[in-house]
Amino acid sequence: MGLPSPDLDDRRFQDIVDEAKRLIPTYCPEWTNHNLSDPGIALVELFAWMTEMTLYRLNQVPDRLYAKFLDLVGIELFPPSPASTDLTFWLSGQAGQTVVVPAGTQVATPPGRNGNPVVFMTDDDLEIVEPRFTAFLTGTGAGNFYNAWDDLQFGREGVPVFTSVPLRPGDAFYLGFQNALAGNVLRLRVAASVEGLGVDPKKPPLDWEAWTGESWAPCRLHSDNTGGLNRDGEIVLLLPARHAPLTLGDQRAYWVRGRLDEPEPDEPEYRETPVVRSVEVTTLGGSALAHHGEPATAEVLGVSDGMAAQRFKLRNQPVLPRRPGDTVVVASHGERDEWQEVEDFSGSGPDDRHVVWDATDGEIRFGPSIRYPNGKVRQHGAIPPKGADISVTGYPFGGGSSGNVGAGTLTTLRTTIPYIDRVENLRAATRGVDAETVENAKLRAPASIRTGQRAVTAADYERLALEADQEVARTRCLPASEPGAPVRVLIVPHCPRPPADQELDDFALPDELVETISRHLDRRRTLGTSVEIGTPYYQGITVAARLKAMPGRPVDLVRQRAFDALYRYFNPLVGGFRGTGWEFEEDASSAPIYEFLDAVEGVDRVEEVLLFEADLRERTRAGKGKEVVRLSNDCLFLSFNHRVVVQ
């Protein structure tokens with residue numbers, strides 16, 4: 001139990017008024033009218049109110065001392081996290097050459113009520129290239145491929161895109177390119193025959209994917225007016241940010257495929273394979289990842305006074321993670337030296353040219369001089385020479401929840417780029433988080449102080465990994481299985497997509513995040529301990545349920561509510577009964593599912609529930625229906641293609 005925080009004076013307004021009235025006979029016995037209408041009583045109440053305000057401020061002293069103590073022991077507020085989204089740049093026409101959208105390109109919203117737009121900057125260069133379409137394959141889910149390029153180029157009757165008889169989920173056709181098309185927006189102009197009958201033309205069971213080097217990643221379907229490859233039309237696809245070559249059959253190319261998927265329970269499937277007579281591929285634009293923030297140009301901070309622990313304030317704050325080339329420059333006697341940024345000065349010597357950036361306050365700090373118990377004074381980090389000019393070459397600033405703007409709002413291109421006609425964000429920006437509040441820091445401080453900044457127990461590793469980066473949503477530490485084996489730290493990152501749209505690749509860890517966590521833990525692990533950063537094994541799970549709707553309730557609406565509930569329930573981030581993410585080592589049983597679905601609005605009763613394991617990489621169900629699906633200690637459930645029938 002924590003120590004209670006006492007009030008230095010616990011009197012309130014009425015206590016002060018009553019105390020003043022009790023003293024009236026002693027100091028002013030001739031004053032006998034103590035009613036509320038008396039002007040003297042009105043003055044007593046006025047001064048009692050003013051005194052109560054003074055006492056309130058006095059009682060804030062313990063909180064202020066506590067906050068100052070946290071500052072002294074190194075508890076700093078987490079900086080804000082910038083929102084992110086993909087910006088799609090549309091070409092004004094066929095450029096006939098590679099169009100480059102450079103990193104740092106700024107796109108803004110129209111000015112808001114306060115007159116200030118929200119600005120995003122692209123993270124990396126985007127190359128919009130002309131596709132060189134060179135191969136066309138058809139294949140079965142078993143991995144058999146047929147080279148249909150000549151048939152597509154010279155055949156008159158067209159090419160059946162699926163070759164299995166009967167058609168099976170997993171069958172696909174493959175478009176091969178000689179060059180990488182990462183992030184590009186492709187338009188497929190298709191000439192097709194009305195052969196793939198039976199499907200819903202607005203929602204055919206067809207998934208578009210691209211090979212990224214490790215797996216097939218989904219392409220975003222922007223538009224499709226071919227009715228599921230049943231008539232002439234155009235298909236517009238947004239390719240993922242990575243596109244790698246792969247050898248299929250005897251051909252090596254950069255592949256985009258259309259894969260046959262299982263239709264929803266109440267949706268029709270292909271009775272016959274679609275047939276295409278020709279495919280023309282052109283580029284309409286490209287998409288690049290961008291984060292909320294603005295660039296600050298070179299800025300002069302001041303002049304060094306030659307003392308230790310100097311601080312210089314930046315014009316803009318909060319400061320976002322620095323870009324390559326953003327550094328502190330110390331100029332003295334005609335020489336300009338770039339100083340290295342470090343997390344703190346604990347490992348800095350007196351000659352190390354180190355600085356610390358305070359992201360939240362927007363400060364540049366130089367090393368302090370510390371006196372140790374033996375009487376020696378040690379300088380942690382070099383001191384800029386007296387009279388030296390201190391400046392920064394630049395830095396990005398911004399972030400916070402204000403960057404969570406809606407889809408279609410980032411439309412103003414701040415710099416002109418040849419051949420680019422317009423820009424937009426097709427999805428809402430997410431993951432923008434404001435800087436940590438002092439109240440939240442007070443809540444997490446005791447755990448940090450109690451265990452220190454050392455990783456000893458499994459709980460220490462989990463807490464420190466969670467603090468390493470705002471992108472970390474959940475952590476799980478598995479102690480070494482035997483002497484010499486590494487400690488495994490499993491990371492679940494934040495995912496901005498709705499649970500029903502989340503895929504296995506959404507939970508992959510970017511290299512930058514792994515490096516950040518590894519660096520954070522490496523400084524805090526015990527000597528001789530090795531740490532392995534990874535992800536949990538995501539066990540796909542499919543629920544097949546048969547429900548009875550209440551009389552008068554729309555069947556489609558009840559089915560959609562059941563789908564939404566299941567996708568949220570079996571989810572690493574918002575799943576489980578508590579809504580905080582499915583717990584590790586918690587098995588799935590059909591019995592709670594009955595109760596869970598029965599609580600869905602509009603459901604009269606749940607007649608049947610079966611659980612199926614699913615292979616998320618191959619996107620197929622595995623085995624027969626079960627009553628219980630078990631998890632090991634490094635696994636979490638992730639929903640896959642639930643099936644709900646409502647009567």
# chains A, B, ... in the order shown; residues from 1 in each chain; ligands from 1
$ select_by_dssp --residues "segment 180-376 of chain A" --states "strand (DSSP E or B)" --output "short mmCIF file (atom, residue, chain, number, x, y, z; two decimals) with N, CA and C atoms, in the first residue's frame"
data_model
loop_
_atom_site.label_atom_id
_atom_site.label_comp_id
_atom_site.auth_asym_id
_atom_site.auth_seq_id
_atom_site.Cartn_x
_atom_site.Cartn_y
_atom_site.Cartn_z
N ASN A 184 3.36 1.51 -56.11
CA ASN A 184 2.73 2.09 -57.29
C ASN A 184 1.23 1.76 -57.34
N VAL A 185 0.51 2.62 -58.04
CA VAL A 185 -0.91 2.40 -58.30
C VAL A 185 -1.04 1.89 -59.73
N LEU A 186 -1.49 0.65 -59.89
CA LEU A 186 -1.57 0.03 -61.21
C LEU A 186 -3.01 0.03 -61.71
N ARG A 187 -3.14 0.28 -63.03
CA ARG A 187 -4.42 0.12 -63.68
C ARG A 187 -4.33 -1.06 -64.65
N LEU A 188 -5.17 -2.06 -64.41
CA LEU A 188 -5.25 -3.21 -65.31
C LEU A 188 -6.46 -3.01 -66.21
N ARG A 189 -6.20 -2.78 -67.49
CA ARG A 189 -7.29 -2.66 -68.46
C ARG A 189 -7.52 -4.04 -69.06
N VAL A 190 -8.65 -4.64 -68.71
CA VAL A 190 -8.91 -6.05 -69.00
C VAL A 190 -10.01 -6.17 -70.06
N ALA A 191 -9.75 -7.05 -71.04
CA ALA A 191 -10.80 -7.46 -71.98
C ALA A 191 -11.20 -8.88 -71.57
N ALA A 192 -12.44 -9.07 -71.12
CA ALA A 192 -12.87 -10.35 -70.57
C ALA A 192 -14.17 -10.79 -71.20
N SER A 193 -14.41 -12.11 -71.15
CA SER A 193 -15.65 -12.70 -71.64
C SER A 193 -16.55 -13.04 -70.47
N LEU A 206 -12.32 -12.79 -54.90
CA LEU A 206 -11.03 -12.64 -55.56
C LEU A 206 -10.17 -11.69 -54.76
N ASP A 207 -8.99 -12.17 -54.33
CA ASP A 207 -8.05 -11.35 -53.57
C ASP A 207 -6.85 -11.02 -54.44
N TRP A 208 -6.38 -9.77 -54.35
CA TRP A 208 -5.20 -9.32 -55.09
C TRP A 208 -4.03 -9.20 -54.13
N GLU A 209 -2.88 -9.77 -54.53
CA GLU A 209 -1.71 -9.81 -53.65
C GLU A 209 -0.44 -9.59 -54.47
N ALA A 210 0.63 -9.15 -53.79
CA ALA A 210 1.94 -8.96 -54.41
C ALA A 210 3.00 -9.63 -53.54
N TRP A 211 4.04 -10.15 -54.17
CA TRP A 211 5.12 -10.81 -53.44
C TRP A 211 6.09 -9.77 -52.91
N TRP A 216 3.12 -13.20 -49.52
CA TRP A 216 2.19 -12.48 -50.39
C TRP A 216 1.43 -11.48 -49.53
N ALA A 217 1.59 -10.21 -49.85
CA ALA A 217 0.92 -9.14 -49.10
C ALA A 217 -0.27 -8.65 -49.90
N PRO A 218 -1.36 -8.28 -49.22
CA PRO A 218 -2.55 -7.83 -49.95
C PRO A 218 -2.32 -6.50 -50.65
N ARG A 220 -4.31 -3.20 -52.13
CA ARG A 220 -5.58 -2.54 -51.87
C ARG A 220 -6.33 -2.32 -53.18
N LEU A 221 -7.56 -2.81 -53.23
CA LEU A 221 -8.39 -2.64 -54.42
C LEU A 221 -9.07 -1.28 -54.36
N HIS A 222 -8.69 -0.40 -55.27
CA HIS A 222 -9.26 0.94 -55.30
C HIS A 222 -10.57 0.96 -56.07
N SER A 223 -10.61 0.26 -57.20
CA SER A 223 -11.84 0.19 -57.99
C SER A 223 -11.78 -1.00 -58.92
N ASP A 224 -12.96 -1.52 -59.28
CA ASP A 224 -13.06 -2.66 -60.19
C ASP A 224 -14.44 -2.60 -60.85
N GLY A 233 -13.23 -3.85 -68.73
CA GLY A 233 -13.20 -2.77 -67.74
C GLY A 233 -11.82 -2.55 -67.20
N GLU A 234 -11.75 -1.83 -66.08
CA GLU A 234 -10.47 -1.48 -65.46
C GLU A 234 -10.47 -1.86 -63.99
N ILE A 235 -9.31 -2.31 -63.53
CA ILE A 235 -9.08 -2.62 -62.13
C ILE A 235 -7.91 -1.76 -61.66
N VAL A 236 -8.09 -1.03 -60.59
CA VAL A 236 -7.03 -0.16 -60.05
C VAL A 236 -6.58 -0.73 -58.71
N LEU A 237 -5.28 -1.02 -58.60
CA LEU A 237 -4.70 -1.64 -57.41
C LEU A 237 -3.62 -0.74 -56.82
N LEU A 238 -3.56 -0.69 -55.48
CA LEU A 238 -2.48 -0.02 -54.78
C LEU A 238 -1.56 -1.08 -54.22
N PRO A 245 11.44 -9.87 -56.30
CA PRO A 245 11.34 -10.89 -57.35
C PRO A 245 11.16 -12.29 -56.76
N LEU A 246 10.57 -13.16 -57.55
CA LEU A 246 10.33 -14.54 -57.14
C LEU A 246 10.31 -15.41 -58.39
N THR A 247 10.84 -16.63 -58.28
CA THR A 247 10.83 -17.57 -59.38
C THR A 247 9.61 -18.48 -59.24
N LEU A 248 8.72 -18.42 -60.21
CA LEU A 248 7.55 -19.30 -60.27
C LEU A 248 7.65 -20.09 -61.56
N GLN A 251 10.20 -18.97 -64.34
CA GLN A 251 10.32 -17.56 -64.63
C GLN A 251 10.53 -16.76 -63.35
N ARG A 252 11.49 -15.86 -63.43
CA ARG A 252 11.76 -14.96 -62.30
C ARG A 252 11.24 -13.57 -62.67
N ALA A 253 10.37 -13.05 -61.82
CA ALA A 253 9.75 -11.75 -62.11
C ALA A 253 9.23 -11.16 -60.81
N TYR A 254 8.74 -9.93 -60.90
CA TYR A 254 8.05 -9.28 -59.80
C TYR A 254 6.56 -9.54 -60.02
N TRP A 255 5.94 -10.27 -59.08
CA TRP A 255 4.62 -10.82 -59.35
C TRP A 255 3.50 -10.09 -58.60
N VAL A 256 2.37 -9.97 -59.28
CA VAL A 256 1.10 -9.57 -58.69
C VAL A 256 0.10 -10.65 -59.08
N ARG A 257 -0.67 -11.12 -58.13
CA ARG A 257 -1.58 -12.23 -58.44
C ARG A 257 -3.00 -11.93 -58.00
N GLY A 258 -3.94 -12.58 -58.70
CA GLY A 258 -5.33 -12.61 -58.29
C GLY A 258 -5.65 -14.01 -57.82
N ARG A 259 -6.02 -14.15 -56.55
CA ARG A 259 -6.20 -15.48 -55.95
C ARG A 259 -7.67 -15.71 -55.62
N LEU A 260 -8.13 -16.91 -55.95
CA LEU A 260 -9.51 -17.28 -55.67
C LEU A 260 -9.67 -17.55 -54.18
N VAL A 275 -12.55 -15.78 -68.14
CA VAL A 275 -11.65 -15.87 -69.29
C VAL A 275 -11.29 -14.44 -69.71
N VAL A 276 -9.97 -14.17 -69.80
CA VAL A 276 -9.51 -12.85 -70.23
C VAL A 276 -8.86 -12.96 -71.60
N ARG A 277 -9.11 -11.98 -72.45
CA ARG A 277 -8.54 -11.97 -73.81
C ARG A 277 -7.29 -11.10 -73.89
N SER A 278 -7.22 -10.07 -73.04
CA SER A 278 -6.03 -9.21 -73.03
C SER A 278 -5.96 -8.46 -71.71
N VAL A 279 -4.74 -8.07 -71.35
CA VAL A 279 -4.50 -7.28 -70.14
C VAL A 279 -3.46 -6.22 -70.47
N GLU A 280 -3.79 -4.95 -70.27
CA GLU A 280 -2.86 -3.85 -70.43
C GLU A 280 -2.63 -3.21 -69.06
N VAL A 281 -1.36 -2.97 -68.74
CA VAL A 281 -1.01 -2.46 -67.41
C VAL A 281 -0.34 -1.10 -67.55
N THR A 282 -0.84 -0.12 -66.83
CA THR A 282 -0.24 1.22 -66.79
C THR A 282 -0.20 1.69 -65.33
N THR A 283 0.58 2.74 -65.09
CA THR A 283 0.71 3.30 -63.75
C THR A 283 -0.06 4.61 -63.66
N LEU A 284 -0.86 4.73 -62.59
CA LEU A 284 -1.63 5.94 -62.37
C LEU A 284 -1.04 6.84 -61.29
N GLY A 285 -0.12 6.28 -60.48
CA GLY A 285 0.45 7.07 -59.39
C GLY A 285 1.17 6.16 -58.42
N GLY A 286 1.24 6.59 -57.17
CA GLY A 286 1.91 5.79 -56.15
C GLY A 286 1.54 6.26 -54.76
N SER A 287 1.78 5.40 -53.78
CA SER A 287 1.47 5.70 -52.38
C SER A 287 2.73 5.62 -51.54
N ALA A 288 2.86 6.53 -50.59
CA ALA A 288 4.02 6.58 -49.70
C ALA A 288 3.55 6.81 -48.28
N LEU A 289 4.22 6.17 -47.33
CA LEU A 289 3.91 6.36 -45.91
C LEU A 289 4.37 7.73 -45.46
N ALA A 290 3.52 8.42 -44.71
CA ALA A 290 3.84 9.76 -44.22
C ALA A 290 3.45 9.87 -42.75
N HIS A 291 4.13 10.74 -42.04
CA HIS A 291 3.85 10.98 -40.62
C HIS A 291 3.55 12.46 -40.40
N HIS A 292 2.76 12.70 -39.38
CA HIS A 292 2.39 14.06 -39.01
C HIS A 292 3.61 14.79 -38.48
N GLU A 294 6.23 18.72 -39.22
CA GLU A 294 6.76 19.74 -40.11
C GLU A 294 8.26 19.85 -39.91
N PRO A 295 8.99 20.24 -40.96
CA PRO A 295 10.43 20.40 -40.80
C PRO A 295 10.80 21.80 -40.34
N ALA A 296 11.70 21.87 -39.39
CA ALA A 296 12.28 23.15 -38.99
C ALA A 296 13.64 23.29 -39.65
N GLU A 299 18.73 26.46 -37.25
CA GLU A 299 18.31 27.39 -36.19
C GLU A 299 19.49 27.66 -35.26
N VAL A 300 19.76 28.93 -35.01
CA VAL A 300 20.82 29.33 -34.07
C VAL A 300 20.22 29.36 -32.67
N LEU A 301 20.86 28.64 -31.74
CA LEU A 301 20.33 28.50 -30.38
C LEU A 301 20.92 29.50 -29.40
N GLY A 302 22.19 29.84 -29.58
CA GLY A 302 22.81 30.77 -28.64
C GLY A 302 24.31 30.61 -28.61
N VAL A 303 24.92 31.16 -27.57
CA VAL A 303 26.37 31.16 -27.41
C VAL A 303 26.72 30.47 -26.11
N ARG A 311 21.79 24.45 -21.29
CA ARG A 311 20.54 24.09 -21.95
C ARG A 311 20.16 25.20 -22.93
N PHE A 312 19.68 24.77 -24.10
CA PHE A 312 19.24 25.72 -25.12
C PHE A 312 17.87 25.30 -25.62
N LYS A 313 17.00 26.28 -25.76
CA LYS A 313 15.62 26.02 -26.13
C LYS A 313 15.43 26.14 -27.64
N VAL A 319 9.48 17.86 -30.32
CA VAL A 319 10.41 17.47 -31.38
C VAL A 319 10.20 15.99 -31.69
N VAL A 328 23.33 18.70 -33.90
CA VAL A 328 23.76 19.92 -33.21
C VAL A 328 25.17 20.28 -33.68
N VAL A 329 25.38 21.55 -34.00
CA VAL A 329 26.67 22.03 -34.50
C VAL A 329 27.23 23.05 -33.53
N VAL A 330 28.49 22.86 -33.15
CA VAL A 330 29.21 23.80 -32.28
C VAL A 330 30.32 24.44 -33.12
N ALA A 331 30.25 25.74 -33.30
CA ALA A 331 31.22 26.47 -34.12
C ALA A 331 32.09 27.34 -33.23
N SER A 332 33.41 27.14 -33.32
CA SER A 332 34.34 27.91 -32.49
C SER A 332 35.66 28.07 -33.23
N GLU A 335 35.98 26.60 -36.73
CA GLU A 335 35.73 25.18 -36.91
C GLU A 335 34.29 24.85 -36.51
N ARG A 336 33.69 23.94 -37.28
CA ARG A 336 32.31 23.52 -37.03
C ARG A 336 32.33 22.01 -36.77
N ASP A 337 31.88 21.63 -35.58
CA ASP A 337 31.86 20.22 -35.19
C ASP A 337 30.43 19.77 -34.94
N GLU A 338 30.09 18.59 -35.46
CA GLU A 338 28.78 18.00 -35.21
C GLU A 338 28.86 17.13 -33.96
N TRP A 339 27.94 17.34 -33.05
CA TRP A 339 27.93 16.61 -31.79
C TRP A 339 26.89 15.49 -31.86
N GLN A 340 27.24 14.36 -31.27
CA GLN A 340 26.41 13.15 -31.36
C GLN A 340 25.29 13.18 -30.32
N GLU A 341 24.11 12.77 -30.75
CA GLU A 341 22.97 12.67 -29.84
C GLU A 341 23.02 11.34 -29.07
N HIS A 354 28.81 14.85 -26.79
CA HIS A 354 27.46 14.29 -26.72
C HIS A 354 26.46 15.36 -26.32
N VAL A 355 25.24 15.22 -26.84
CA VAL A 355 24.12 16.08 -26.45
C VAL A 355 22.89 15.21 -26.27
N VAL A 356 21.94 15.72 -25.50
CA VAL A 356 20.66 15.06 -25.29
C VAL A 356 19.56 15.99 -25.80
N TRP A 357 18.67 15.42 -26.63
CA TRP A 357 17.49 16.17 -27.10
C TRP A 357 16.32 15.82 -26.19
N ASP A 358 15.70 16.82 -25.61
CA ASP A 358 14.46 16.62 -24.85
C ASP A 358 13.31 16.87 -25.80
N GLU A 363 14.34 20.97 -25.82
CA GLU A 363 15.59 21.50 -25.29
C GLU A 363 16.77 20.67 -25.79
N ILE A 364 17.91 21.35 -25.95
CA ILE A 364 19.19 20.71 -26.22
C ILE A 364 20.02 20.82 -24.95
N ARG A 365 20.49 19.68 -24.42
CA ARG A 365 21.23 19.68 -23.16
C ARG A 365 22.66 19.21 -23.39
N PHE A 366 23.58 19.87 -22.72
CA PHE A 366 24.97 19.44 -22.72
C PHE A 366 25.29 18.80 -21.37
N SER A 369 28.33 18.28 -14.76
CA SER A 369 29.50 17.97 -13.94
C SER A 369 29.00 17.44 -12.61
N ILE A 370 29.43 16.21 -12.22
CA ILE A 370 28.87 15.54 -11.06
C ILE A 370 29.99 15.24 -10.05
N ARG A 371 29.72 15.56 -8.79
CA ARG A 371 30.66 15.25 -7.70
C ARG A 371 30.27 13.92 -7.08
#
$ residues_around --residues "Glu515 of chain A" --least-positions-apart "5" --cutoff "12 Å" --atoms "only C-alpha atoms" --output "PyMOL selection string"
chain A and resi 465+468-469+509-510+520-522+532-534
$ write_last_selection --atoms "C-alpha atoms" --output "CSV table (one decimal), in the first residue's frame"
chain,number,residue,atom,x,y,z
A,465,ALA,CA,10.0,-3.3,-23.9
A,468,ALA,CA,10.9,1.4,-25.6
A,469,ASP,CA,8.5,2.8,-28.2
A,509,LEU,CA,7.8,-5.9,-36.7
A,510,PRO,CA,9.5,-3.2,-38.7
A,520,HIS,CA,16.7,-0.2,-25.1
A,521,LEU,CA,16.9,-3.6,-23.6
A,522,ASP,CA,20.6,-4.1,-24.3
A,532,GLU,CA,15.8,-12.4,-28.7
A,533,ILE,CA,13.1,-10.0,-30.0
A,534,GLY,CA,10.3,-11.6,-32.0
$ atom_distance --atom1 "atom CA of Asp634 of chain A" --atom2 "atom CA of Leu464 of chain A"
18.7 Å
$ select_by_dssp --residues "segment 392-519 of chain A" --states "helix (DSSP H, G or I)" --output "JSON, numbers by chain"
{"A": [401, 402, 403, 438, 439, 440, 441, 442, 443, 444, 445, 446, 447, 448, 449, 450, 451, 458, 459, 460, 461, 462, 463, 464, 465, 466, 467, 468, 499, 500, 501, 504, 505, 506, 507, 511, 512, 513, 514, 515, 516, 517, 518, 519]}
$ closest_residue --among "A:Met307, A:Leu152, A:Leu413, A:Leu504" --to "Pro110 of chain A" --atoms "only C-alpha atoms"
A:Leu413
$ closest_residue --among "A:Leu239, A:Ala388, A:Ala591, A:Met550" --to "Ser304 of chain A" --atoms "only C-alpha atoms"
A:Ala388
$ closest_residue --among "A:Arg619, A:His494, A:Lys376, A:Arg474" --to "Arg431 of chain A" --atoms "only C-alpha atoms"
A:His494
$ residues_around --residues "Pro350 of chain A" --least-positions-apart "6" --cutoff "10 Å" --atoms "only C-alpha atoms" --output "ChimeraX atom specification"
/A:367-369,378-383
$ residues_around --residues "segment 419-429 of chain A" --least-positions-apart "6" --cutoff "6 Å" --atoms "only C-alpha atoms" --output "MDAnalysis selection string"
chainID A and resid 83:92 404:408 410:411
$ write_last_selection --atoms "C-alpha atoms" --output "PDB file, in the first residue's frame"
ATOM      1  CA  ALA A  83      -0.021   9.974 -36.651  1.00  0.00           C
ATOM      2  CA  SER A  84       0.680   8.120 -39.889  1.00  0.00           C
ATOM      3  CA  THR A  85      -1.144   7.343 -43.103  1.00  0.00           C
ATOM      4  CA  ASP A  86      -0.450   6.542 -46.750  1.00  0.00           C
ATOM      5  CA  LEU A  87      -0.478   9.477 -49.167  1.00  0.00           C
ATOM      6  CA  THR A  88      -1.477   8.617 -52.732  1.00  0.00           C
ATOM      7  CA  PHE A  89       0.027  10.788 -55.466  1.00  0.00           C
ATOM      8  CA  TRP A  90      -1.878  10.681 -58.777  1.00  0.00           C
ATOM      9  CA  LEU A  91      -0.153  11.362 -62.088  1.00  0.00           C
ATOM     10  CA  SER A  92      -1.489  14.001 -64.439  1.00  0.00           C
ATOM     11  CA  ASN A 404      -5.564  11.825 -36.569  1.00  0.00           C
ATOM     12  CA  VAL A 405      -7.315  13.411 -39.529  1.00  0.00           C
ATOM     13  CA  GLY A 406     -10.021  11.750 -41.591  1.00  0.00           C
ATOM     14  CA  ALA A 407      -9.711  10.142 -45.003  1.00  0.00           C
ATOM     15  CA  GLY A 408      -9.552  12.518 -47.961  1.00  0.00           C
ATOM     16  CA  LEU A 410      -4.718  15.676 -46.841  1.00  0.00           C
ATOM     17  CA  THR A 411      -5.062  17.247 -50.272  1.00  0.00           C
TER      18      THR A 411
END
$ atom_distance --atom1 "atom CA of Glu601 of chain A" --atom2 "atom CA of Ala545 of chain A"
15.5 Å
$ closest_residue --among "A:Ala42, A:Glu19, A:Met50, A:Ala241" --to "Asp125 of chain A" --atoms "only C-alpha atoms"
A:Ala241
$ closest_residue --among "A:Asp556, A:Asn374, A:Pro496, A:Glu471" --to "Ser81 of chain A" --atoms "only C-alpha atoms"
A:Glu471
$ residues_around --residues "Pro498 of chain A" --least-positions-apart "6" --cutoff "12 Å" --atoms "only C-alpha atoms" --output "JSON, numbers by chain"
{"A": [427, 428, 430, 506, 564, 565, 567, 568, 571, 573, 574, 639]}
$ write_last_selection --atoms "N, CA and C atoms" --output "JSON list (two decimals), in the first residue's frame"
[["chain", "number", "residue", "atom", "x", "y", "z"],
["A", 427, "ARG", "N", -7.05, 6.69, -46.62],
["A", 427, "ARG", "CA", -7.44, 6.19, -45.30],
["A", 427, "ARG", "C", -7.20, 7.27, -44.26],
["A", 428, "ALA", "N", -7.94, 7.17, -43.17],
["A", 428, "ALA", "CA", -7.74, 8.11, -42.07],
["A", 428, "ALA", "C", -6.37, 7.91, -41.43],
["A", 430, "THR", "N", -3.92, 7.55, -38.30],
["A", 430, "THR", "CA", -4.09, 6.95, -36.97],
["A", 430, "THR", "C", -2.77, 6.95, -36.22],
["A", 506, "ASP", "N", 0.08, -7.42, -40.79],
["A", 506, "ASP", "CA", -0.09, -6.19, -40.01],
["A", 506, "ASP", "C", 0.65, -6.25, -38.69],
["A", 564, "ASP", "N", -18.74, -8.75, -36.49],
["A", 564, "ASP", "CA", -17.93, -7.74, -35.80],
["A", 564, "ASP", "C", -17.54, -8.21, -34.41],
["A", 565, "ALA", "N", -18.48, -8.86, -33.71],
["A", 565, "ALA", "CA", -18.19, -9.34, -32.36],
["A", 565, "ALA", "C", -17.11, -10.42, -32.38],
["A", 567, "TYR", "N", -14.74, -10.99, -34.72],
["A", 567, "TYR", "CA", -13.44, -10.46, -35.11],
["A", 567, "TYR", "C", -12.80, -9.66, -33.98],
["A", 568, "ARG", "N", -13.61, -9.00, -33.17],
["A", 568, "ARG", "CA", -13.06, -8.30, -32.02],
["A", 568, "ARG", "C", -12.67, -9.27, -30.91],
["A", 571, "ASN", "N", -8.80, -11.44, -31.10],
["A", 571, "ASN", "CA", -7.91, -10.40, -31.59],
["A", 571, "ASN", "C", -6.80, -10.15, -30.56],
["A", 573, "LEU", "N", -5.21, -7.45, -29.88],
["A", 573, "LEU", "CA", -5.18, -6.11, -29.29],
["A", 573, "LEU", "C", -6.44, -5.76, -28.51],
["A", 574, "VAL", "N", -7.60, -6.15, -29.01],
["A", 574, "VAL", "CA", -8.86, -5.77, -28.36],
["A", 574, "VAL", "C", -9.70, -6.99, -28.03],
["A", 639, "SER", "N", -8.28, -13.74, -35.80],
["A", 639, "SER", "CA", -9.45, -14.19, -36.56],
["A", 639, "SER", "C", -9.13, -14.40, -38.02]]
$ closest_residue --among "A:Pro318, A:Pro499, A:Lys548, A:Ala309" --to "Asp434 of chain A" --atoms "only C-alpha atoms"
A:Pro318
$ residues_around --residues "Pro418 of chain A" --least-positions-apart "6" --cutoff "12 Å" --atoms "only C-alpha atoms" --output "list in words"
Phe89, Trp90, Leu91, Ser92, Gly93, Gln94, Ala95, Gln97, Thr98, Val99, Val100, Val101, Pro102 and Ile128 of chain A
$ residues_around --residues "Gly602 of chain A" --least-positions-apart "4" --cutoff "7 Å" --atoms "only C-alpha atoms" --output "number ranges by chain"
A: 549-550, 553, 558
$ write_last_selection --atoms "N, CA and C atoms" --output "short mmCIF file (atom, residue, chain, number, x, y, z; two decimals), in the first residue's frame"
data_model
loop_
_atom_site.label_atom_id
_atom_site.label_comp_id
_atom_site.auth_asym_id
_atom_site.auth_seq_id
_atom_site.Cartn_x
_atom_site.Cartn_y
_atom_site.Cartn_z
N ALA A 549 -32.25 -15.40 -35.47
CA ALA A 549 -32.51 -13.98 -35.20
C ALA A 549 -33.86 -13.81 -34.52
N MET A 550 -33.97 -12.75 -33.74
CA MET A 550 -35.25 -12.42 -33.13
C MET A 550 -36.26 -12.04 -34.19
N ARG A 553 -36.16 -8.80 -36.71
CA ARG A 553 -34.83 -8.21 -36.81
C ARG A 553 -34.23 -8.53 -38.19
N VAL A 558 -28.08 -8.57 -38.18
CA VAL A 558 -27.69 -9.47 -37.08
C VAL A 558 -26.40 -10.20 -37.45
#
